[in-house]
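Novice: Please find structure.txt (compact mmCIF, C-alpha atoms) on the next line:
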```txt
# COMPACT_ATOMS: atom_id res chain seq x y z
CA MET A 223 51.57 92.45 102.84
CA THR A 224 51.02 89.83 100.19
CA VAL A 225 53.55 88.25 97.89
CA THR A 226 54.57 89.96 94.69
CA THR A 227 54.17 88.09 91.43
CA LEU A 228 56.47 88.92 88.56
CA THR A 229 58.09 87.32 85.52
CA ILE A 230 61.78 86.43 85.54
CA ASN A 231 63.23 85.14 82.27
CA GLY A 232 59.72 84.30 81.04
CA GLU A 233 58.77 82.30 84.16
CA LEU A 234 55.99 83.53 86.41
CA VAL A 235 57.38 83.62 89.98
CA SER A 236 56.42 84.98 93.39
CA ALA A 237 58.63 86.99 95.72
CA SER A 238 58.48 87.87 99.42
CA PRO A 239 56.93 91.22 100.24
CA GLY A 240 59.48 94.01 99.89
CA ALA A 241 62.00 91.81 98.07
CA SER A 242 64.47 93.34 95.61
CA VAL A 243 64.70 91.91 92.09
CA LEU A 244 67.91 90.17 93.21
CA GLU A 245 66.18 88.58 96.22
CA ALA A 246 63.21 87.59 94.07
CA ALA A 247 65.57 85.90 91.61
CA ARG A 248 67.45 84.07 94.37
CA GLU A 249 64.21 82.89 96.00
CA ASN A 250 63.40 81.27 92.68
CA GLY A 251 66.81 79.77 92.00
CA VAL A 252 67.87 82.31 89.37
CA GLU A 253 71.54 83.36 89.63
CA ILE A 254 72.52 86.97 88.97
CA PRO A 255 76.23 87.83 89.23
CA THR A 256 77.04 90.27 92.05
CA LEU A 257 80.16 91.84 93.56
CA CYS A 258 79.35 94.69 95.97
CA GLU A 259 76.29 92.96 97.43
CA LEU A 260 76.79 90.96 100.64
CA GLU A 261 74.15 89.16 102.66
CA GLY A 262 73.82 90.73 106.11
CA ILE A 263 74.35 94.37 105.10
CA SER A 264 72.43 96.89 103.00
CA SER A 265 72.78 96.99 99.20
CA ALA A 266 74.58 99.88 97.53
CA GLY A 267 74.32 99.32 93.77
CA ALA A 268 78.01 100.21 93.55
CA CYS A 269 79.42 97.65 91.11
CA ARG A 270 76.57 97.44 88.52
CA LEU A 271 77.32 93.80 87.82
CA CYS A 272 73.74 92.75 88.72
CA LEU A 273 72.21 94.91 86.00
CA VAL A 274 69.02 93.40 84.55
CA GLU A 275 66.60 94.30 81.77
CA ILE A 276 63.12 95.38 82.86
CA SER A 277 60.32 95.63 80.27
CA GLY A 278 59.07 99.16 79.74
CA THR A 279 62.34 100.89 80.55
CA PRO A 280 65.25 101.17 78.13
CA ARG A 281 67.72 101.56 81.01
CA LEU A 282 69.33 98.60 82.71
CA GLN A 283 68.61 98.48 86.45
CA PRO A 284 70.78 97.08 89.27
CA ALA A 285 68.81 94.12 90.66
CA CYS A 286 70.13 94.57 94.22
CA VAL A 287 68.54 98.00 94.73
CA THR A 288 65.49 97.66 92.47
CA ALA A 289 62.28 96.59 94.22
CA ALA A 290 60.40 93.69 92.70
CA THR A 291 56.96 95.00 91.78
CA GLU A 292 53.71 93.36 90.77
CA GLY A 293 53.64 92.34 87.10
CA MET A 294 57.27 93.31 86.48
CA GLU A 295 58.97 91.53 83.57
CA VAL A 296 62.68 90.93 84.25
CA GLN A 297 65.40 89.47 82.04
CA THR A 298 68.55 88.47 83.96
CA ASP A 299 70.51 86.82 81.18
CA SER A 300 71.00 88.11 77.65
CA GLU A 301 73.78 88.80 75.21
CA ARG A 302 73.46 92.51 75.91
CA LEU A 303 73.70 92.01 79.70
CA ASN A 304 76.69 89.72 79.38
CA ARG A 305 78.39 92.27 77.15
CA TYR A 306 77.91 95.02 79.73
CA ARG A 307 78.90 92.75 82.61
CA ARG A 308 82.11 91.84 80.84
CA MET A 309 82.80 95.50 80.19
CA ILE A 310 82.26 96.31 83.90
CA LEU A 311 84.67 93.55 84.92
CA GLU A 312 87.29 94.70 82.41
CA LEU A 313 87.01 98.29 83.64
CA LEU A 314 87.47 97.12 87.24
CA PHE A 315 90.62 95.22 86.27
CA ALA A 316 91.94 98.15 84.21
CA GLU A 317 91.29 100.75 86.91
CA ARG A 318 93.80 99.54 89.52
CA ASN A 319 96.71 97.11 89.78
CA HIS A 320 95.24 93.62 90.05
CA ILE A 321 98.17 91.22 89.77
CA CYS A 322 96.38 87.95 90.58
CA PRO A 323 99.41 85.59 90.70
CA VAL A 324 101.03 87.59 93.52
CA CYS A 325 97.83 88.52 95.38
CA VAL A 326 96.96 87.23 98.87
CA ALA A 327 93.41 86.47 97.67
CA ASN A 328 94.36 84.58 94.48
CA GLY A 329 91.87 81.73 94.17
CA HIS A 330 89.58 83.23 96.84
CA CYS A 331 88.69 86.47 95.06
CA GLU A 332 85.19 87.39 93.96
CA LEU A 333 86.43 89.70 91.20
CA GLN A 334 88.55 86.89 89.79
CA SER A 335 85.68 84.38 90.11
CA ARG A 336 83.18 86.69 88.36
CA ALA A 337 85.67 87.22 85.51
CA ILE A 338 86.14 83.46 85.05
CA GLU A 339 82.36 82.82 85.17
CA ASN A 340 81.78 85.57 82.63
CA GLY A 341 84.42 84.16 80.26
CA MET A 342 86.47 87.36 80.36
CA ASP A 343 89.84 86.20 79.00
CA HIS A 344 91.51 89.58 78.50
CA VAL A 345 91.01 93.29 79.13
CA ARG A 346 90.41 95.45 76.06
CA PHE A 347 90.86 98.76 77.90
CA SER A 348 94.20 100.39 78.71
CA TYR A 349 95.42 99.54 82.17
CA GLN A 350 95.62 102.74 84.21
CA HIS A 351 98.46 101.58 86.50
CA PRO A 352 97.82 104.23 89.17
CA ASP A 353 100.46 104.73 91.87
CA LEU A 354 98.57 103.64 95.01
CA SER A 355 99.42 103.11 98.63
CA VAL A 356 99.46 100.18 101.03
CA ASP A 357 98.65 100.87 104.69
CA ILE A 358 99.98 98.26 107.13
CA THR A 359 100.02 100.48 110.20
CA HIS A 360 97.26 98.43 111.86
CA GLU A 361 98.58 95.79 114.24
CA ARG A 362 96.76 92.88 112.56
CA PHE A 363 95.35 94.01 109.22
CA GLY A 364 96.42 95.78 106.03
CA ILE A 365 94.77 97.61 103.13
CA ASP A 366 96.24 97.58 99.62
CA GLN A 367 94.48 100.21 97.52
CA ASP A 368 95.78 98.53 94.34
CA ARG A 369 93.22 95.75 94.83
CA CYS A 370 90.24 97.84 95.99
CA ILE A 371 87.20 97.92 93.67
CA LEU A 372 85.30 100.50 95.77
CA CYS A 373 82.44 98.10 96.49
CA THR A 374 82.05 99.83 99.90
CA ARG A 375 81.35 96.56 101.73
CA CYS A 376 83.92 97.58 104.38
CA VAL A 377 82.20 100.94 104.82
CA ARG A 378 78.75 99.35 105.20
CA VAL A 379 79.76 96.47 107.45
CA CYS A 380 81.71 98.78 109.77
CA ASP A 381 78.85 101.25 109.99
CA GLU A 382 75.84 98.93 110.03
CA LEU A 383 77.04 95.91 111.99
CA GLU A 384 79.94 97.15 114.10
CA GLY A 385 78.60 100.69 114.53
CA ALA A 386 82.11 102.13 114.38
CA HIS A 387 82.08 103.83 110.94
CA THR A 388 85.85 103.78 110.76
CA TRP A 389 85.72 103.32 106.97
CA ASP A 390 84.43 105.82 104.45
CA VAL A 391 85.08 106.91 100.88
CA ALA A 392 87.08 110.05 100.11
CA GLY A 393 87.64 111.77 96.77
CA ARG A 394 85.70 111.59 93.52
CA GLY A 395 85.93 109.58 90.32
CA THR A 396 89.26 107.87 89.75
CA LYS A 397 90.58 109.63 92.89
CA SER A 398 88.06 107.82 95.13
CA ARG A 399 89.67 105.87 97.98
CA VAL A 400 88.39 104.02 101.01
CA ILE A 401 89.86 105.71 104.07
CA THR A 402 90.01 105.07 107.81
CA ASP A 403 88.78 107.85 110.08
CA LEU A 404 89.73 111.25 108.58
CA ASN A 405 92.19 109.70 106.12
CA GLN A 406 94.56 108.80 108.92
CA PRO A 407 96.74 105.69 109.06
CA TRP A 408 94.57 102.71 110.05
CA GLY A 409 96.85 101.93 112.99
CA GLU A 410 96.17 105.37 114.47
CA SER A 411 92.40 105.10 114.16
CA ASP A 412 90.51 105.95 117.38
CA THR A 413 87.28 104.37 116.17
CA CYS A 414 88.50 101.00 114.80
CA THR A 415 87.66 98.17 117.21
CA SER A 416 89.80 95.63 115.28
CA CYS A 417 86.69 93.45 114.90
CA ALA A 418 87.81 92.24 111.42
CA LYS A 419 84.34 92.47 109.84
CA CYS A 420 85.81 94.51 106.98
CA VAL A 421 88.51 91.87 106.56
CA GLU A 422 85.91 89.10 106.23
CA ALA A 423 83.64 91.17 103.95
CA CYS A 424 86.23 92.32 101.37
CA PRO A 425 85.61 90.64 97.99
CA THR A 426 89.26 90.92 96.84
CA GLY A 427 92.68 90.98 98.51
CA ALA A 428 92.38 94.72 99.29
CA ILE A 429 91.80 94.21 103.04
CA PHE A 430 93.82 91.33 104.43
CA ARG A 431 95.24 89.78 107.56
CA LYS A 432 98.91 90.69 107.91
CA GLY A 433 101.23 87.77 107.30
CA SER A 434 99.09 86.21 104.57
CA SER A 435 101.15 85.03 101.64
CA VAL A 436 99.99 84.53 98.03
CA GLY A 437 96.59 82.85 97.90
CA GLU A 438 96.37 82.48 101.69
CA MET A 439 93.82 85.19 102.42
CA GLU A 440 90.49 83.38 102.72
CA HIS A 441 87.73 85.77 103.67
CA ARG A 442 84.91 84.27 105.73
CA ARG A 443 82.22 86.32 104.05
CA ASP A 444 79.38 84.16 105.38
CA ARG A 445 80.25 85.38 108.90
CA ILE A 446 78.68 88.72 108.05
CA ARG A 447 75.32 87.09 107.32
CA PHE A 448 75.70 85.05 110.53
CA ILE A 449 76.35 88.12 112.68
CA ALA A 450 73.45 89.99 111.07
CA ASP A 451 71.08 87.07 111.70
CA ALA A 452 72.33 86.69 115.26
CA ARG A 453 71.50 90.31 115.96
CA LYS A 454 68.17 90.49 114.19
CA LYS A 455 66.67 87.06 114.73
CA LYS A 456 68.49 86.09 117.95
CA GLU A 457 69.98 83.10 116.17
CA TRP A 458 73.23 82.53 118.00
CA SER A 459 74.43 79.20 116.63
CA PRO A 460 75.74 78.87 113.06
CA MET B 6 90.93 78.65 64.09
CA SER B 7 92.39 75.32 63.06
CA VAL B 8 95.60 75.63 61.06
CA SER B 9 95.58 72.10 59.73
CA GLU B 10 93.41 72.74 56.64
CA ASN B 11 96.50 73.09 54.47
CA LYS B 12 98.15 69.91 53.21
CA ARG B 13 101.70 70.47 54.48
CA ARG B 14 102.81 69.79 58.05
CA PRO B 15 101.77 72.58 60.42
CA ARG B 16 104.59 74.87 61.56
CA ILE B 17 104.31 76.04 65.16
CA ALA B 18 106.52 78.23 67.33
CA THR B 19 106.86 79.49 70.88
CA VAL B 20 108.24 82.91 71.78
CA TRP B 21 109.58 84.32 75.06
CA LEU B 22 109.18 88.06 75.59
CA ALA B 23 109.19 89.73 79.05
CA GLY B 24 108.29 86.84 81.32
CA CYS B 25 109.95 84.47 83.75
CA SER B 26 109.91 81.43 81.38
CA GLY B 27 107.45 79.71 83.74
CA CYS B 28 104.97 79.31 80.87
CA HIS B 29 107.64 77.48 78.89
CA MET B 30 108.33 75.29 81.94
CA SER B 31 104.62 74.49 81.93
CA PHE B 32 104.88 73.76 78.18
CA LEU B 33 107.61 71.22 79.01
CA ASP B 34 105.18 69.74 81.56
CA LEU B 35 103.38 68.33 78.52
CA ASP B 36 105.92 65.52 79.06
CA GLU B 37 105.38 62.53 76.77
CA TRP B 38 102.70 64.37 74.80
CA LEU B 39 105.58 66.43 73.34
CA PHE B 40 106.39 63.31 71.27
CA GLU B 41 102.81 63.37 69.95
CA LEU B 42 103.23 67.07 69.20
CA ALA B 43 106.42 66.33 67.26
CA LYS B 44 104.43 63.86 65.13
CA LEU B 45 101.71 66.44 64.46
CA ALA B 46 103.78 69.54 63.69
CA ASP B 47 107.22 71.05 63.21
CA VAL B 48 108.39 73.34 66.00
CA VAL B 49 110.24 75.90 63.89
CA TYR B 50 111.18 78.47 66.53
CA SER B 51 111.35 78.35 70.33
CA PRO B 52 113.61 79.27 73.26
CA VAL B 53 114.13 75.51 73.64
CA ALA B 54 115.27 75.18 69.99
CA ASP B 55 118.40 76.90 68.71
CA VAL B 56 116.95 78.97 65.88
CA LYS B 57 118.28 82.53 65.56
CA GLU B 58 115.72 84.14 63.25
CA TYR B 59 111.94 83.88 63.51
CA PRO B 60 110.98 82.15 60.23
CA GLU B 61 108.31 82.97 57.63
CA ASN B 62 105.02 81.08 57.24
CA VAL B 63 104.41 79.98 60.81
CA ASP B 64 100.92 78.60 61.39
CA ALA B 65 100.59 79.19 65.13
CA VAL B 66 102.68 80.68 67.92
CA LEU B 67 102.43 80.68 71.71
CA VAL B 68 103.75 84.04 72.96
CA GLU B 69 104.93 84.10 76.56
CA GLY B 70 105.57 87.44 78.25
CA ALA B 71 104.60 91.07 77.92
CA VAL B 72 106.10 93.69 75.61
CA ALA B 73 108.56 95.53 77.87
CA ASN B 74 111.55 96.59 75.76
CA GLU B 75 112.58 97.42 72.20
CA ASP B 76 113.69 93.86 71.46
CA ASN B 77 110.28 92.53 72.53
CA LEU B 78 108.57 95.09 70.31
CA GLU B 79 110.67 94.25 67.25
CA LEU B 80 110.19 90.51 67.74
CA ILE B 81 106.42 90.60 68.34
CA ARG B 82 105.88 92.69 65.18
CA LYS B 83 107.91 90.20 63.19
CA VAL B 84 105.99 87.31 64.80
CA ARG B 85 102.63 88.88 63.93
CA ALA B 86 103.68 89.52 60.32
CA ARG B 87 104.91 85.94 59.83
CA THR B 88 102.26 83.96 61.76
CA LYS B 89 98.64 82.99 61.09
CA ALA B 90 97.45 82.47 64.67
CA VAL B 91 98.99 84.34 67.60
CA VAL B 92 98.14 83.02 71.09
CA SER B 93 98.82 85.14 74.17
CA PHE B 94 100.38 82.49 76.38
CA GLY B 95 100.11 83.13 80.13
CA ASP B 96 99.29 86.11 82.33
CA CYS B 97 102.26 88.34 81.37
CA ALA B 98 101.22 88.17 77.71
CA VAL B 99 97.52 88.57 78.57
CA THR B 100 97.65 91.28 81.28
CA GLY B 101 101.24 92.47 81.74
CA ASN B 102 101.15 90.75 85.14
CA VAL B 103 104.29 90.96 87.31
CA THR B 104 106.36 92.51 84.52
CA ALA B 105 103.89 95.45 84.47
CA LEU B 106 104.40 96.12 88.20
CA ARG B 107 106.90 98.76 87.13
CA ASN B 108 104.28 100.80 85.28
CA PRO B 109 103.04 102.80 88.30
CA LEU B 110 106.63 104.12 88.68
CA GLY B 111 106.26 105.87 85.32
CA ASP B 112 109.34 106.74 83.28
CA PRO B 113 111.78 103.79 82.78
CA GLU B 114 114.55 105.96 84.25
CA ASN B 115 112.69 105.89 87.59
CA VAL B 116 112.37 102.11 87.31
CA LEU B 117 116.09 101.63 86.62
CA LYS B 118 117.05 104.04 89.41
CA ARG B 119 114.79 102.19 91.85
CA ALA B 120 116.18 98.78 90.91
CA TYR B 121 119.86 99.51 90.38
CA ILE B 122 120.64 102.61 92.52
CA GLU B 123 118.13 102.95 95.37
CA GLU B 124 117.90 99.22 96.10
CA ALA B 125 121.58 98.45 95.41
CA ASN B 126 123.61 97.20 98.35
CA THR B 127 126.97 98.17 96.90
CA GLY B 128 128.20 100.17 93.90
CA GLY B 129 124.87 100.91 92.18
CA ARG B 130 125.14 101.32 88.40
CA ILE B 131 122.45 101.33 85.71
CA PRO B 132 123.40 98.70 83.10
CA SER B 133 121.55 100.37 80.22
CA ASP B 134 124.70 102.11 78.93
CA HIS B 135 125.75 98.76 77.45
CA PRO B 136 124.74 98.45 73.76
CA LEU B 137 123.54 94.84 74.21
CA VAL B 138 120.91 95.77 76.80
CA PRO B 139 117.67 96.68 75.01
CA LYS B 140 116.00 99.96 75.96
CA LEU B 141 112.90 99.70 78.13
CA LEU B 142 109.64 100.93 76.62
CA PRO B 143 107.79 103.71 78.51
CA LYS B 144 105.20 101.14 79.66
CA VAL B 145 104.98 97.37 79.77
CA LEU B 146 102.07 96.34 77.53
CA PRO B 147 100.05 93.14 77.15
CA VAL B 148 100.60 91.61 73.71
CA HIS B 149 97.10 92.45 72.39
CA GLN B 150 97.75 96.15 72.92
CA VAL B 151 100.65 95.95 70.47
CA VAL B 152 99.51 93.46 67.80
CA LYS B 153 96.30 91.57 67.01
CA VAL B 154 95.94 88.44 69.14
CA ASP B 155 93.77 85.48 68.07
CA ALA B 156 93.40 83.59 71.37
CA PHE B 157 94.11 84.12 75.05
CA LEU B 158 95.48 81.36 77.25
CA TRP B 159 95.72 82.88 80.72
CA GLY B 160 97.22 81.43 83.87
CA CYS B 161 100.43 81.96 85.81
CA PRO B 162 101.44 79.67 84.33
CA PRO B 163 98.65 77.94 82.34
CA ASP B 164 98.74 74.26 83.26
CA ALA B 165 99.89 71.68 80.72
CA ALA B 166 96.38 70.25 80.18
CA ARG B 167 95.11 73.63 78.99
CA ILE B 168 98.16 74.21 76.79
CA ARG B 169 97.52 70.83 75.21
CA ALA B 170 93.83 71.65 74.70
CA VAL B 171 94.77 74.85 72.86
CA LEU B 172 97.40 73.14 70.71
CA GLU B 173 95.03 70.31 69.82
CA LYS B 174 92.38 72.79 68.80
CA LEU B 175 94.90 74.75 66.70
CA LEU B 176 96.16 71.58 65.04
CA GLY B 177 92.64 70.30 64.44
CA VAL B 178 93.13 67.10 66.41
CA GLU B 179 89.94 65.05 66.53
CA LYS B 180 88.46 65.21 70.02
CA PRO B 181 85.69 63.02 71.49
CA ALA B 182 83.72 66.20 72.13
CA GLU B 183 84.42 69.71 70.94
CA VAL B 184 85.94 71.62 73.85
CA ASP B 185 86.55 75.32 74.23
CA ALA B 186 90.26 75.28 74.82
CA ILE B 187 90.35 78.69 76.46
CA ASN B 188 87.85 77.68 79.14
CA PRO B 189 89.63 76.24 82.19
CA ALA B 190 86.76 73.81 82.74
CA ALA B 191 87.53 72.36 79.33
CA GLY B 192 91.15 71.87 80.39
CA GLN B 193 90.03 69.91 83.43
CA GLU B 194 87.82 67.83 81.19
CA THR B 195 90.82 67.05 79.01
CA ALA B 196 92.85 66.05 82.04
CA LYS B 197 90.04 63.75 83.18
CA THR B 198 89.80 62.10 79.79
CA LYS B 199 93.53 61.53 79.86
CA ASP B 200 93.37 59.92 83.30
CA GLY B 201 90.45 57.76 82.24
CA GLU B 202 92.37 56.22 79.34
```
Write the structure described by the file as structure tokens, please.
Specialist:
Amino acid sequence: MTVTTLTINGELVSASPGASVLEAARENGVEIPTLCELEGISSAGACRLCLVEISGTPRLQPACVTAATEGMEVQTDSERLNRYRRMILELLFAERNHICPVCVANGHCELQSRAIENGMDHVRFSYQHPDLSVDITHERFGIDQDRCILCTRCVRVCDELEGAHTWDVAGRGTKSRVITDLNQPWGESDTCTSCAKCVEACPTGAIFRKGSSVGEMEHRRDRIRFIADARKKKEWSP
Amino acid sequence: MSVSENKRRPRIATVWLAGCSGCHMSFLDLDEWLFELAKLADVVYSPVADVKEYPENVDAVLVEGAVANEDNLELIRKVRARTKAVVSFGDCAVTGNVTALRNPLGDPENVLKRAYIEEANTGGRIPSDHPLVPKLLPKVLPVHQVVKVDAFLWGCPPDAARIRAVLEKLLGVEKPAEVDAINPAAGQETAKTKDGE
């Protein structure tokens, strides 16, 4: 296969064969904000933060799951995109109970970081304040549904890298929840290997190590990329 | 949004709704710059000044805390009607924050029962039968969902450098370079400039 040539923000660039628009942008030093995407696992297009404009189609497309094609004209930064990205962030904050100052991931949270980068200084939508559960039945880890943004990183990393598929999503719409096994307490899961890949992958404070206090939960998200590379390319040293 | 276009001395205020007063503590962290502030403007109402009634013709106000009870609601409406620029001051004002943790429990009766009966060690009693205790609103709301807000200064609490940046912008203080006071990066820049002096 040969390289793909396309235009990103008016610049003619080339991308590796089979690259997504997001990968093509990154190869050429163009930043696109992302949340559900994580290097080392497949892309899901779940958060819609990486939406870009593509000439010839009125619809915005998620860069992480859109293939870069020959002659494509992509715009990654515009007033319209920033408006939608801000709206997406505000909806994520309004949907569940994100109380940053008392969160284990305060200061190490991708949702919080994206909001600051975007300039989101308040939420215009009504906070939903759903009554959600916290599961701390696992010996070492916990899941607080209040902080989950349904990015499905935990589901993908558990399935694709660990091969356990302990995590999945149950319910529809606002009733969607990540669950362990058949919606059983995490501590009673037969499939969980306690490998902590979901803990490292989580973008917020939803999945955490037990005993973490406010701001102490630092996810090592780059470990996922490292494990994936180790498997695929036999690269065993960091 | 500068309020200094008029000739008379600017009148500023700070208000404390449902919050922990941490934002006001951070305001006091302005330390010696408070003397500069006193030269630039009159502080006409504040929890740290003994003024009973929120006055008319206030140019700018920093509002700490969310709107959680009937007293908060009455005061914030008065504040909005009597003030040119309303700033949501800190995370409780901007998002509801910790004060809004009660919202998932629903009806205020459930909240009071949880706090004063279920969690009581001895002799649980709900204090709301006393006439001085304001009634809780059905939900704790961020300030901008009750009245129009002109600027948002988030943080729990916002640090003094950012509070100063906002006040300087409101008071039209000449800055070496125009900074966006709401942007935390701008606050850091202000702090750096201060250290460099």
Novice: List the residues sitting within 12 Å of (60.9, 97.0, 84.9) in the file's frame, using all atoms listed in the file, as a list in words.
Specialist: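 Those residues, ordered by chain and then number, are Leu228, Thr229, Ile230, Ser242, Val243, Leu273, Val274, Glu275, Ile276, Ser277, Gly278, Thr279, Pro280, Arg281, Leu282, Gln283, Pro284, Ala285, Thr288, Ala289, Ala290, Thr291, Glu292, Gly293, Met294, Glu295, Val296, Gln297 and Thr298 of chain A.
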Novice: Rounded to one decimal, what separation in Å do you get between atom CA of Val66 of chain B and atom CA of Val91 of chain B?
Specialist: 5.2 Å
Novice: So what do you get for atom CA of Ala316 of chain A versus atom CA of His344 of chain A, distance-wise?
Specialist: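 Between atom CA of Ala316 of chain A and atom CA of His344 of chain A the gap is 10.3 Å.
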Novice: For chain A, work out the contacting residues on chain B at 7 Å, counting only C-alpha atoms, and write them as JSON, numbers by chain.
Specialist: {"B": [99, 100, 102, 103, 108, 109, 110, 157, 159, 161]}
Novice: Go ahead and compute the interatomic distance for atom CA of Val377 of chain A and atom CA of Thr402 of chain A, in Å to one decimal.
Specialist: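 Atom CA of Thr402 of chain A lies at a distance of 9.3 Å from atom CA of Val377 of chain A.
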Novice: List as a VMD selection string the protein and nucleic acid residues near Gly409 of chain A, meaning an atom at most 7 Å away when only C-alpha atoms are counted, but skip any in the same chain fewer than 3 places from it.
Specialist: chain A and resid 359 to 361
Novice: Pick out the residues sitting within 6 Å of segment 433-445 of chain A, and hand them over as an NGL selection string; count all atoms listed in the file, and ignore anything fewer than 4 positions along from it in its own chain.
Specialist: :A and (324-328 or 330 or 422-423)
Novice: Of the residues A:Leu311, A:Ala246, A:Val400, A:Ile449, which is the one nearest to Asp368 of chain A, using only C-alpha atoms?
Specialist: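 That would be A:Val400, the residue with the smallest distance to Asp368 of chain A.
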Novice: Looking at only C-alpha atoms, which of A:Gly427, A:Gly329, A:Pro407, A:Gly385 is the one that sits closest to Gln367 of chain A?
Specialist: A:Gly427
Novice: When you count only C-alpha atoms, which of these residues is closest to Leu244 of chain A: A:Cys269, A:Cys376, A:Val287, A:Val421?
Specialist: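 Looking only at the distances to Leu244 of chain A, the closest residue turns out to be A:Val287.
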Novice: Here is a test: counting all atoms listed in the file, which residue of B:Asp64, B:Glu69, B:Asp112, B:Asp76 is nearest to Val148 of chain B?
Specialist: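 Of B:Asp64, B:Glu69, B:Asp112, B:Asp76, the one nearest Val148 of chain B is B:Glu69, counting all atoms listed in the file.
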Novice: At a cut-off of 12 Å, using only C-alpha atoms, what residues contact segment 380-383 of chain A? Leave out same-chain residues fewer than 6 positions from it and give the result as an mmCIF file with C-alpha atoms, keeping the file's coordinate frame.
Specialist:
```cif
data_model
loop_
_atom_site.group_PDB
_atom_site.id
_atom_site.type_symbol
_atom_site.label_atom_id
_atom_site.label_comp_id
_atom_site.auth_asym_id
_atom_site.auth_seq_id
_atom_site.Cartn_x
_atom_site.Cartn_y
_atom_site.Cartn_z
ATOM 1 C CA GLU A 261 74.150 89.160 102.660
ATOM 2 C CA GLY A 262 73.820 90.730 106.110
ATOM 3 C CA ILE A 263 74.350 94.370 105.100
ATOM 4 C CA SER A 264 72.430 96.890 103.000
ATOM 5 C CA SER A 265 72.780 96.990 99.200
ATOM 6 C CA THR A 374 82.050 99.830 99.900
ATOM 7 C CA TRP A 389 85.720 103.320 106.970
ATOM 8 C CA ASP A 390 84.430 105.820 104.450
ATOM 9 C CA THR A 402 90.010 105.070 107.810
ATOM 10 C CA ASP A 403 88.780 107.850 110.080
ATOM 11 C CA THR A 413 87.280 104.370 116.170
ATOM 12 C CA CYS A 414 88.500 101.000 114.800
ATOM 13 C CA THR A 415 87.660 98.170 117.210
ATOM 14 C CA SER A 416 89.800 95.630 115.280
ATOM 15 C CA CYS A 417 86.690 93.450 114.900
ATOM 16 C CA ALA A 418 87.810 92.240 111.420
ATOM 17 C CA LYS A 419 84.340 92.470 109.840
ATOM 18 C CA CYS A 420 85.810 94.510 106.980
ATOM 19 C CA VAL A 421 88.510 91.870 106.560
ATOM 20 C CA GLU A 422 85.910 89.100 106.230
ATOM 21 C CA ALA A 423 83.640 91.170 103.950
ATOM 22 C CA CYS A 424 86.230 92.320 101.370
ATOM 23 C CA ARG A 445 80.250 85.380 108.900
ATOM 24 C CA ILE A 446 78.680 88.720 108.050
ATOM 25 C CA ARG A 447 75.320 87.090 107.320
ATOM 26 C CA PHE A 448 75.700 85.050 110.530
ATOM 27 C CA ILE A 449 76.350 88.120 112.680
ATOM 28 C CA ALA A 450 73.450 89.990 111.070
ATOM 29 C CA ASP A 451 71.080 87.070 111.700
ATOM 30 C CA ALA A 452 72.330 86.690 115.260
ATOM 31 C CA ARG A 453 71.500 90.310 115.960
ATOM 32 C CA LYS A 454 68.170 90.490 114.190
#
```
Novice: A:Glu410, A:Glu312, A:Asp357, A:Asp299: which is nearest Asn231 of chain A, counting only C-alpha atoms?
Specialist: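 Using only C-alpha atoms, the shortest distance to Asn231 of chain A belongs to A:Asp299.
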Novice: Give me the residues near Ile358 of chain A as number ranges by chain, where near means some atom within 8 Å (using all atoms listed in the file) and where sequence neighbours in that chain fewer than 4 positions away do not count.
Specialist: A: 363-365, 408-409, 432
Novice: Just want the 9 Å neighbourhood of Ala71 of chain B, counted on all atoms listed in the file, with same-chain residues fewer than 3 positions away dropped. Output as a PDB file with C-alpha atoms, keeping the file's coordinate frame.
Specialist:
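Wrote result.pdb, looks like this:
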```pdb
ATOM      1  CA  TRP B  21     109.580  84.320  75.060  1.00  0.00           C
ATOM      2  CA  LEU B  22     109.180  88.060  75.590  1.00  0.00           C
ATOM      3  CA  ALA B  23     109.190  89.730  79.050  1.00  0.00           C
ATOM      4  CA  GLY B  24     108.290  86.840  81.320  1.00  0.00           C
ATOM      5  CA  VAL B  68     103.750  84.040  72.960  1.00  0.00           C
ATOM      6  CA  ASN B  77     110.280  92.530  72.530  1.00  0.00           C
ATOM      7  CA  ASP B  96      99.290  86.110  82.330  1.00  0.00           C
ATOM      8  CA  CYS B  97     102.260  88.340  81.370  1.00  0.00           C
ATOM      9  CA  ALA B  98     101.220  88.170  77.710  1.00  0.00           C
ATOM     10  CA  VAL B  99      97.520  88.570  78.570  1.00  0.00           C
ATOM     11  CA  THR B 100      97.650  91.280  81.280  1.00  0.00           C
ATOM     12  CA  GLY B 101     101.240  92.470  81.740  1.00  0.00           C
ATOM     13  CA  ASN B 102     101.150  90.750  85.140  1.00  0.00           C
ATOM     14  CA  THR B 104     106.360  92.510  84.520  1.00  0.00           C
ATOM     15  CA  ALA B 105     103.890  95.450  84.470  1.00  0.00           C
ATOM     16  CA  VAL B 145     104.980  97.370  79.770  1.00  0.00           C
ATOM     17  CA  LEU B 146     102.070  96.340  77.530  1.00  0.00           C
ATOM     18  CA  PRO B 147     100.050  93.140  77.150  1.00  0.00           C
ATOM     19  CA  VAL B 148     100.600  91.610  73.710  1.00  0.00           C
TER      20      VAL B 148
END
```
Novice: List as a PyMOL selection string: which residues have an atom within 12 Å of (113.3, 103.3, 87.6), counting all atoms listed in the file?
Specialist: chain B and resi 106-124+131-133+141-144
